[in-house]
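Structure file query11.cif (mmCIF, N, CA and C atoms and all ligand atoms) follows.
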data_target
loop_
_atom_site.label_atom_id
_atom_site.label_comp_id
_atom_site.auth_asym_id
_atom_site.auth_seq_id
_atom_site.Cartn_x
_atom_site.Cartn_y
_atom_site.Cartn_z
N MET Q 14 -152.86 -42.93 -113.20
CA MET Q 14 -153.56 -44.12 -113.67
C MET Q 14 -153.00 -45.38 -112.99
N LYS Q 15 -151.68 -45.44 -112.91
CA LYS Q 15 -151.03 -46.59 -112.28
C LYS Q 15 -151.46 -46.68 -110.80
N LYS Q 16 -151.50 -45.52 -110.15
CA LYS Q 16 -151.90 -45.48 -108.74
C LYS Q 16 -153.31 -46.03 -108.55
N PHE Q 17 -154.17 -45.68 -109.50
CA PHE Q 17 -155.56 -46.11 -109.42
C PHE Q 17 -155.66 -47.64 -109.43
N PHE Q 18 -154.85 -48.25 -110.33
CA PHE Q 18 -154.90 -49.71 -110.40
C PHE Q 18 -154.33 -50.35 -109.14
N LEU Q 19 -153.29 -49.71 -108.60
CA LEU Q 19 -152.73 -50.22 -107.35
C LEU Q 19 -153.78 -50.20 -106.25
N LEU Q 20 -154.55 -49.11 -106.22
CA LEU Q 20 -155.60 -48.96 -105.23
C LEU Q 20 -156.65 -50.06 -105.40
N LEU Q 21 -157.05 -50.28 -106.65
CA LEU Q 21 -158.05 -51.31 -106.94
C LEU Q 21 -157.55 -52.68 -106.48
N LEU Q 22 -156.25 -52.92 -106.74
CA LEU Q 22 -155.67 -54.21 -106.38
C LEU Q 22 -155.63 -54.40 -104.86
N SER Q 23 -155.45 -53.30 -104.12
CA SER Q 23 -155.26 -53.44 -102.69
C SER Q 23 -156.58 -53.66 -101.95
N ILE Q 24 -157.69 -53.35 -102.57
CA ILE Q 24 -158.98 -53.52 -101.88
C ILE Q 24 -159.26 -54.99 -101.52
N PRO Q 25 -159.13 -55.91 -102.48
CA PRO Q 25 -159.37 -57.32 -102.08
C PRO Q 25 -158.41 -57.76 -101.00
N ALA Q 26 -157.18 -57.25 -101.03
CA ALA Q 26 -156.21 -57.63 -100.01
C ALA Q 26 -156.71 -57.19 -98.63
N LEU Q 27 -157.26 -55.99 -98.55
CA LEU Q 27 -157.79 -55.49 -97.27
C LEU Q 27 -158.97 -56.33 -96.81
N VAL Q 28 -159.84 -56.66 -97.75
CA VAL Q 28 -161.02 -57.46 -97.42
C VAL Q 28 -160.61 -58.83 -96.91
N LEU Q 29 -159.58 -59.39 -97.54
CA LEU Q 29 -159.10 -60.71 -97.12
C LEU Q 29 -158.41 -60.64 -95.76
N ALA Q 30 -157.71 -59.54 -95.51
CA ALA Q 30 -156.92 -59.44 -94.29
C ALA Q 30 -157.81 -59.22 -93.06
N ALA Q 31 -158.94 -58.56 -93.22
CA ALA Q 31 -159.79 -58.22 -92.08
C ALA Q 31 -160.19 -59.41 -91.22
N PRO Q 32 -160.68 -60.53 -91.84
CA PRO Q 32 -161.12 -61.65 -90.99
C PRO Q 32 -159.98 -62.26 -90.19
N ALA Q 33 -158.74 -62.04 -90.64
CA ALA Q 33 -157.60 -62.63 -89.94
C ALA Q 33 -157.53 -62.14 -88.50
N THR Q 34 -157.97 -60.91 -88.23
CA THR Q 34 -157.92 -60.40 -86.86
C THR Q 34 -159.14 -60.82 -86.05
N ASP Q 35 -160.11 -61.42 -86.73
CA ASP Q 35 -161.34 -61.82 -86.04
C ASP Q 35 -161.18 -63.11 -85.26
N TYR Q 36 -160.10 -63.84 -85.51
CA TYR Q 36 -160.03 -65.17 -84.92
C TYR Q 36 -160.03 -65.14 -83.40
N LEU Q 37 -159.56 -64.04 -82.81
CA LEU Q 37 -159.53 -63.96 -81.35
C LEU Q 37 -160.93 -63.97 -80.76
N HIS Q 38 -161.90 -63.50 -81.54
CA HIS Q 38 -163.27 -63.43 -81.02
C HIS Q 38 -164.07 -64.67 -81.40
N ASN Q 39 -163.40 -65.59 -82.07
CA ASN Q 39 -164.09 -66.77 -82.56
C ASN Q 39 -164.51 -67.67 -81.39
N ASP Q 40 -165.75 -68.11 -81.40
CA ASP Q 40 -166.25 -69.00 -80.35
C ASP Q 40 -165.50 -70.31 -80.32
N GLU Q 41 -164.92 -70.68 -81.47
CA GLU Q 41 -164.24 -71.96 -81.54
C GLU Q 41 -162.87 -71.93 -80.85
N LEU Q 42 -162.38 -70.73 -80.57
CA LEU Q 42 -161.12 -70.64 -79.83
C LEU Q 42 -161.42 -71.15 -78.42
N ASN Q 43 -160.84 -72.29 -78.06
CA ASN Q 43 -161.30 -72.92 -76.82
C ASN Q 43 -160.69 -72.28 -75.57
N GLU Q 44 -161.31 -72.57 -74.45
CA GLU Q 44 -160.89 -71.99 -73.18
C GLU Q 44 -159.44 -72.30 -72.85
N GLU Q 45 -158.98 -73.47 -73.33
CA GLU Q 45 -157.60 -73.85 -73.04
C GLU Q 45 -156.62 -72.79 -73.54
N LEU Q 46 -157.01 -72.16 -74.65
CA LEU Q 46 -156.13 -71.12 -75.20
C LEU Q 46 -156.42 -69.76 -74.60
N VAL Q 47 -157.70 -69.49 -74.38
CA VAL Q 47 -158.08 -68.16 -73.91
C VAL Q 47 -157.56 -67.90 -72.50
N LEU Q 48 -157.71 -68.91 -71.63
CA LEU Q 48 -157.35 -68.71 -70.23
C LEU Q 48 -155.89 -68.33 -70.01
N PRO Q 49 -154.93 -69.09 -70.57
CA PRO Q 49 -153.54 -68.71 -70.35
C PRO Q 49 -153.24 -67.30 -70.85
N VAL Q 50 -153.81 -66.93 -71.98
CA VAL Q 50 -153.56 -65.60 -72.52
C VAL Q 50 -154.13 -64.54 -71.58
N LYS Q 51 -155.34 -64.83 -71.09
CA LYS Q 51 -155.98 -63.89 -70.17
C LYS Q 51 -155.13 -63.75 -68.90
N GLU Q 52 -154.69 -64.90 -68.37
CA GLU Q 52 -153.90 -64.88 -67.14
C GLU Q 52 -152.58 -64.15 -67.35
N MET Q 53 -152.00 -64.37 -68.54
CA MET Q 53 -150.72 -63.72 -68.82
C MET Q 53 -150.90 -62.20 -68.85
N LEU Q 54 -151.99 -61.77 -69.50
CA LEU Q 54 -152.22 -60.32 -69.60
C LEU Q 54 -152.50 -59.73 -68.22
N GLN Q 55 -153.25 -60.48 -67.40
CA GLN Q 55 -153.53 -59.98 -66.05
C GLN Q 55 -152.26 -59.89 -65.23
N ALA Q 56 -151.40 -60.92 -65.38
CA ALA Q 56 -150.15 -60.91 -64.64
C ALA Q 56 -149.28 -59.74 -65.08
N GLN Q 57 -149.27 -59.50 -66.38
CA GLN Q 57 -148.47 -58.38 -66.89
C GLN Q 57 -148.98 -57.05 -66.34
N ALA Q 58 -150.31 -56.92 -66.29
CA ALA Q 58 -150.89 -55.68 -65.80
C ALA Q 58 -150.53 -55.48 -64.33
N LEU Q 59 -150.63 -56.57 -63.54
CA LEU Q 59 -150.29 -56.49 -62.13
C LEU Q 59 -148.84 -56.08 -61.96
N ASN Q 60 -147.98 -56.70 -62.77
CA ASN Q 60 -146.57 -56.44 -62.61
C ASN Q 60 -146.20 -55.04 -63.09
N GLN Q 61 -146.95 -54.57 -64.06
CA GLN Q 61 -146.73 -53.20 -64.52
C GLN Q 61 -147.01 -52.22 -63.38
N ALA Q 62 -148.06 -52.53 -62.61
CA ALA Q 62 -148.40 -51.68 -61.48
C ALA Q 62 -147.27 -51.72 -60.45
N LEU Q 63 -146.71 -52.91 -60.25
CA LEU Q 63 -145.60 -53.07 -59.30
C LEU Q 63 -144.40 -52.25 -59.76
N PHE Q 64 -144.09 -52.32 -61.05
CA PHE Q 64 -142.96 -51.58 -61.57
C PHE Q 64 -143.19 -50.07 -61.44
N THR Q 65 -144.40 -49.64 -61.80
CA THR Q 65 -144.73 -48.22 -61.70
C THR Q 65 -144.58 -47.75 -60.26
N ASP Q 66 -145.03 -48.60 -59.34
CA ASP Q 66 -145.02 -48.24 -57.93
C ASP Q 66 -143.61 -48.17 -57.36
N LYS Q 67 -142.78 -49.18 -57.68
CA LYS Q 67 -141.50 -49.31 -56.97
C LYS Q 67 -140.25 -49.00 -57.79
N CYS Q 68 -140.36 -48.92 -59.10
CA CYS Q 68 -139.15 -48.80 -59.91
C CYS Q 68 -139.17 -47.61 -60.87
N ALA Q 69 -140.37 -47.18 -61.25
CA ALA Q 69 -140.48 -46.22 -62.36
C ALA Q 69 -139.83 -44.87 -62.07
N THR Q 70 -139.84 -44.42 -60.81
CA THR Q 70 -139.24 -43.11 -60.53
C THR Q 70 -137.80 -43.05 -61.01
N CYS Q 71 -137.09 -44.16 -60.91
CA CYS Q 71 -135.69 -44.16 -61.33
C CYS Q 71 -135.47 -44.79 -62.71
N HIS Q 72 -136.34 -45.73 -63.10
CA HIS Q 72 -136.07 -46.49 -64.33
C HIS Q 72 -137.04 -46.25 -65.47
N GLY Q 73 -137.99 -45.34 -65.33
CA GLY Q 73 -138.94 -45.11 -66.42
C GLY Q 73 -139.88 -46.29 -66.60
N THR Q 74 -140.16 -46.67 -67.82
CA THR Q 74 -141.07 -47.82 -68.04
C THR Q 74 -140.29 -49.12 -67.98
N GLY Q 75 -140.99 -50.19 -67.60
CA GLY Q 75 -140.36 -51.50 -67.50
C GLY Q 75 -139.82 -51.97 -68.84
N ALA Q 76 -140.62 -51.80 -69.89
CA ALA Q 76 -140.20 -52.26 -71.22
C ALA Q 76 -138.98 -51.47 -71.69
N GLY Q 77 -139.01 -50.17 -71.49
CA GLY Q 77 -137.89 -49.33 -71.91
C GLY Q 77 -136.63 -49.69 -71.14
N PHE Q 78 -136.79 -49.88 -69.82
CA PHE Q 78 -135.64 -50.23 -68.97
C PHE Q 78 -135.06 -51.57 -69.39
N ALA Q 79 -135.95 -52.55 -69.60
CA ALA Q 79 -135.48 -53.89 -69.98
C ALA Q 79 -134.70 -53.82 -71.29
N ARG Q 80 -135.24 -53.08 -72.23
CA ARG Q 80 -134.62 -52.99 -73.56
C ARG Q 80 -133.25 -52.32 -73.51
N THR Q 81 -133.15 -51.24 -72.76
CA THR Q 81 -131.90 -50.49 -72.81
C THR Q 81 -130.85 -51.01 -71.83
N SER Q 82 -131.28 -51.56 -70.67
CA SER Q 82 -130.30 -51.88 -69.64
C SER Q 82 -130.08 -53.36 -69.38
N LEU Q 83 -130.99 -54.20 -69.86
CA LEU Q 83 -130.88 -55.63 -69.52
C LEU Q 83 -130.73 -56.48 -70.77
N SER Q 84 -130.20 -57.68 -70.57
CA SER Q 84 -130.16 -58.61 -71.69
C SER Q 84 -130.25 -60.03 -71.16
N ILE Q 85 -130.40 -60.98 -72.06
CA ILE Q 85 -130.50 -62.37 -71.63
C ILE Q 85 -129.25 -63.10 -72.07
N LYS Q 86 -128.55 -63.68 -71.06
CA LYS Q 86 -127.32 -64.39 -71.36
C LYS Q 86 -127.46 -65.82 -70.88
N ASP Q 87 -127.32 -66.77 -71.77
CA ASP Q 87 -127.53 -68.19 -71.46
C ASP Q 87 -128.86 -68.40 -70.76
N GLY Q 88 -129.89 -67.70 -71.22
CA GLY Q 88 -131.22 -67.89 -70.66
C GLY Q 88 -131.47 -67.18 -69.34
N VAL Q 89 -130.46 -66.42 -68.87
CA VAL Q 89 -130.60 -65.73 -67.58
C VAL Q 89 -130.64 -64.22 -67.81
N LEU Q 90 -131.54 -63.55 -67.10
CA LEU Q 90 -131.66 -62.10 -67.23
C LEU Q 90 -130.53 -61.41 -66.47
N VAL Q 91 -129.73 -60.62 -67.20
CA VAL Q 91 -128.58 -59.95 -66.58
C VAL Q 91 -128.58 -58.46 -66.96
N GLY Q 92 -127.84 -57.67 -66.18
CA GLY Q 92 -127.65 -56.27 -66.52
C GLY Q 92 -126.64 -56.17 -67.65
N LYS Q 93 -126.88 -55.25 -68.58
CA LYS Q 93 -125.97 -55.11 -69.72
C LYS Q 93 -124.59 -54.63 -69.29
N SER Q 94 -124.56 -53.68 -68.35
CA SER Q 94 -123.29 -53.03 -68.05
C SER Q 94 -122.29 -53.97 -67.38
N LYS Q 95 -122.73 -54.68 -66.33
CA LYS Q 95 -121.75 -55.49 -65.60
C LYS Q 95 -122.06 -56.98 -65.62
N GLY Q 96 -123.13 -57.35 -66.31
CA GLY Q 96 -123.47 -58.77 -66.41
C GLY Q 96 -124.00 -59.36 -65.12
N ARG Q 97 -124.44 -58.51 -64.20
CA ARG Q 97 -124.98 -59.04 -62.94
C ARG Q 97 -126.32 -59.73 -63.18
N LYS Q 98 -126.55 -60.82 -62.45
CA LYS Q 98 -127.85 -61.50 -62.54
C LYS Q 98 -128.90 -60.65 -61.86
N VAL Q 99 -129.97 -60.36 -62.59
CA VAL Q 99 -131.00 -59.47 -62.06
C VAL Q 99 -131.68 -60.08 -60.83
N ALA Q 100 -131.92 -61.41 -60.88
CA ALA Q 100 -132.60 -62.07 -59.76
C ALA Q 100 -131.81 -61.88 -58.46
N ASP Q 101 -130.47 -61.96 -58.55
CA ASP Q 101 -129.64 -61.76 -57.35
C ASP Q 101 -129.61 -60.30 -56.95
N PHE Q 102 -129.44 -59.45 -57.96
CA PHE Q 102 -129.34 -58.01 -57.71
C PHE Q 102 -130.56 -57.49 -56.97
N LEU Q 103 -131.73 -58.01 -57.34
CA LEU Q 103 -132.98 -57.49 -56.76
C LEU Q 103 -133.19 -57.91 -55.31
N LYS Q 104 -132.35 -58.83 -54.83
CA LYS Q 104 -132.47 -59.19 -53.41
C LYS Q 104 -132.09 -58.02 -52.53
N SER Q 105 -131.25 -57.13 -53.04
CA SER Q 105 -130.84 -55.99 -52.22
C SER Q 105 -131.08 -54.67 -52.95
N HIS Q 106 -132.00 -54.67 -53.89
CA HIS Q 106 -132.25 -53.45 -54.66
C HIS Q 106 -133.72 -53.39 -55.06
N GLY Q 107 -134.32 -52.26 -54.88
CA GLY Q 107 -135.68 -52.05 -55.39
C GLY Q 107 -136.79 -52.34 -54.40
N ARG Q 108 -136.40 -52.84 -53.20
CA ARG Q 108 -137.38 -53.06 -52.14
C ARG Q 108 -138.55 -53.96 -52.54
N LEU Q 109 -138.26 -54.98 -53.30
CA LEU Q 109 -139.30 -55.95 -53.62
C LEU Q 109 -139.38 -56.98 -52.52
N LYS Q 110 -140.61 -57.51 -52.31
CA LYS Q 110 -140.73 -58.63 -51.37
C LYS Q 110 -140.14 -59.84 -52.07
N PRO Q 111 -139.62 -60.81 -51.28
CA PRO Q 111 -138.98 -61.98 -51.89
C PRO Q 111 -139.85 -62.65 -52.96
N ASP Q 112 -141.15 -62.76 -52.71
CA ASP Q 112 -142.01 -63.44 -53.69
C ASP Q 112 -142.32 -62.58 -54.91
N GLU Q 113 -141.93 -61.32 -54.88
CA GLU Q 113 -142.17 -60.47 -56.04
C GLU Q 113 -141.00 -60.49 -57.02
N ILE Q 114 -139.84 -60.94 -56.51
CA ILE Q 114 -138.62 -60.86 -57.33
C ILE Q 114 -138.74 -61.70 -58.60
N GLN Q 115 -139.18 -62.97 -58.44
CA GLN Q 115 -139.25 -63.85 -59.62
C GLN Q 115 -140.26 -63.32 -60.65
N THR Q 116 -141.38 -62.80 -60.14
CA THR Q 116 -142.38 -62.23 -61.03
C THR Q 116 -141.79 -61.08 -61.83
N MET Q 117 -141.03 -60.24 -61.14
CA MET Q 117 -140.42 -59.10 -61.80
C MET Q 117 -139.41 -59.57 -62.85
N VAL Q 118 -138.59 -60.55 -62.48
CA VAL Q 118 -137.60 -61.09 -63.43
C VAL Q 118 -138.30 -61.68 -64.65
N ASP Q 119 -139.36 -62.45 -64.42
CA ASP Q 119 -140.10 -63.05 -65.54
C ASP Q 119 -140.64 -61.98 -66.47
N SER Q 120 -141.22 -60.97 -65.85
CA SER Q 120 -141.87 -59.96 -66.67
C SER Q 120 -140.86 -59.10 -67.44
N LEU Q 121 -139.71 -58.80 -66.83
CA LEU Q 121 -138.67 -58.05 -67.55
C LEU Q 121 -138.08 -58.91 -68.67
N THR Q 122 -137.95 -60.22 -68.39
CA THR Q 122 -137.47 -61.14 -69.43
C THR Q 122 -138.43 -61.13 -70.62
N GLN Q 123 -139.71 -61.17 -70.28
CA GLN Q 123 -140.72 -61.18 -71.34
C GLN Q 123 -140.71 -59.87 -72.13
N ALA Q 124 -140.46 -58.78 -71.41
CA ALA Q 124 -140.42 -57.47 -72.09
C ALA Q 124 -139.30 -57.46 -73.13
N ILE Q 125 -138.17 -58.10 -72.80
CA ILE Q 125 -137.07 -58.15 -73.76
C ILE Q 125 -137.44 -59.02 -74.95
N SER Q 126 -138.03 -60.18 -74.69
CA SER Q 126 -138.39 -61.07 -75.79
C SER Q 126 -139.36 -60.38 -76.73
N GLN Q 127 -140.33 -59.66 -76.17
CA GLN Q 127 -141.30 -58.98 -77.01
C GLN Q 127 -140.65 -57.85 -77.79
N ALA Q 128 -139.71 -57.16 -77.12
CA ALA Q 128 -139.08 -56.02 -77.78
C ALA Q 128 -138.24 -56.48 -78.98
N SER Q 129 -137.67 -57.69 -78.88
CA SER Q 129 -136.80 -58.11 -79.97
C SER Q 129 -137.55 -58.97 -80.99
N ALA Q 130 -138.84 -59.17 -80.75
CA ALA Q 130 -139.63 -59.90 -81.76
C ALA Q 130 -139.75 -59.05 -83.01
N PRO Q 131 -139.84 -59.72 -84.16
CA PRO Q 131 -139.89 -58.94 -85.41
C PRO Q 131 -141.14 -58.06 -85.49
C1 LIG V 201 -134.06 -44.78 -56.10
C2 LIG V 201 -133.83 -45.12 -57.47
C3 LIG V 201 -134.10 -46.54 -57.89
C4 LIG V 201 -135.20 -47.33 -57.67
C5 LIG V 201 -136.46 -46.97 -56.90
C6 LIG V 201 -134.94 -48.59 -58.34
N1 LIG V 201 -133.72 -48.56 -58.94
FE1 LIG V 201 -132.89 -50.03 -60.02
N2 LIG V 201 -131.16 -48.98 -60.19
C7 LIG V 201 -131.00 -47.66 -59.77
C8 LIG V 201 -129.62 -47.28 -60.05
C9 LIG V 201 -129.02 -45.90 -59.75
C10 LIG V 201 -128.99 -48.38 -60.65
C11 LIG V 201 -127.54 -48.52 -61.09
C12 LIG V 201 -126.80 -49.04 -59.90
C13 LIG V 201 -125.56 -49.77 -60.26
O1 LIG V 201 -125.22 -49.88 -61.45
O2 LIG V 201 -124.96 -50.28 -59.33
C14 LIG V 201 -129.98 -49.43 -60.71
C15 LIG V 201 -129.76 -50.69 -61.24
C16 LIG V 201 -130.74 -51.63 -61.44
C17 LIG V 201 -130.51 -52.90 -62.06
C18 LIG V 201 -129.18 -53.45 -62.54
C19 LIG V 201 -128.85 -53.04 -63.94
C20 LIG V 201 -127.49 -53.52 -64.30
O3 LIG V 201 -126.94 -52.98 -65.26
O4 LIG V 201 -126.94 -54.43 -63.65
C21 LIG V 201 -131.70 -53.55 -62.09
C22 LIG V 201 -131.99 -54.92 -62.68
C23 LIG V 201 -132.66 -52.68 -61.47
N3 LIG V 201 -132.04 -51.54 -61.08
C24 LIG V 201 -133.99 -53.00 -61.31
C25 LIG V 201 -134.84 -52.28 -60.50
C26 LIG V 201 -136.19 -52.71 -60.20
C27 LIG V 201 -136.85 -53.96 -60.77
C28 LIG V 201 -136.70 -51.78 -59.36
C29 LIG V 201 -138.05 -51.78 -58.71
C30 LIG V 201 -138.41 -52.95 -57.96
C31 LIG V 201 -135.68 -50.75 -59.14
N4 LIG V 201 -134.56 -51.11 -59.86
C32 LIG V 201 -135.83 -49.66 -58.36
C33 LIG V 201 -131.94 -46.88 -59.16
C34 LIG V 201 -133.16 -47.32 -58.71
#

Target format structure tokens, applied to this file:
Amino acid sequence: MKKFFLLLLSIPALVLAAPATDYLHNDELNEELVLPVKEMLQAQALNQALFTDKCATCHGTGAGFARTSLSIKDGVLVGKSKGRKVADFLKSHGRLKPDEIQTMVDSLTQAISQASAP
């Protein structure tokens, strides 16, 4: 009987919660907000391809690698084991082109921030 009432109580909560996810499709969400999000997702997808292509054979997924092996110290992305700066390390590791290094560092940094978000 108690369970039944709990169920009844949770229905309005579900009905109320549903529209909360609709806001992304709202026409009123202006381009100023949509564009950066779209660009960010596209950049992440591109960089994921780069990681899969050049790093995944040894490091698995980018998010997993960032979480287990890297950390952020004073705002700088470093390796957990020896504290090396990733941006410097990648100049002679991983065969990235010079202009790909910063993108990779940004994206691994972002992977850590997302992983530690609640
Ligand atoms: C052929 C295997 C291989 C590939 C490919 C490779 N790595 Fe590595 N990577 C390693 C190994 C092994 C280490 C550990 C070396 C060490 O500690 O000196 C390492 C270390 C690292 C570190 C330093 C971690 C720390 O603790 O300081 C970073 C950052 C890193 N790799 C990023 C990358 C990225 C980004 C790519 C792709 C662009 C890549 N690696 C491609 C094998 C690889």

From Q:Ile125, Q:Gly75, Q:Lys93, Q:Gln115, residue lying nearest Ala58 in chain Q [only C-alpha atoms]: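 Closest residue, counting only C-alpha atoms: Q:Gly75.
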
7 Å shell around ligand LIG 201 (chain V) using all atoms listed in the file, listed as number ranges by chain: Q: 63-64, 66-72, 82-83, 91-100, 102-103, 106-109, 117

Atom pair CA of Asp87 in chain Q / CA of Thr122 in chain Q: separation (Å): 12.4 Å

Atomic separation - CA of Thr74 in chain Q relative to CA of Asp112 in chain Q, Å: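 CA of Thr74 in chain Q lies 21.2 Å from CA of Asp112 in chain Q.
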
Computed interatomic separation between atom C of Phe78 in chain Q and atom N of Gln123 in chain Q (Å): 10.7 Å

Members of range 43-105 of chain Q assigned strand (DSSP E) by DSSP, as a list in words: Leu83, Ser84, Ile85, Lys86, Val89, Leu90, Val91 and Gly92 of chain Q

Among the residues Q:Asn43, Q:Ser105, Q:Val118, Q:Gln127, the one that comes closest to Val89 in chain Q [using only C-alpha atoms]: Q:Val118
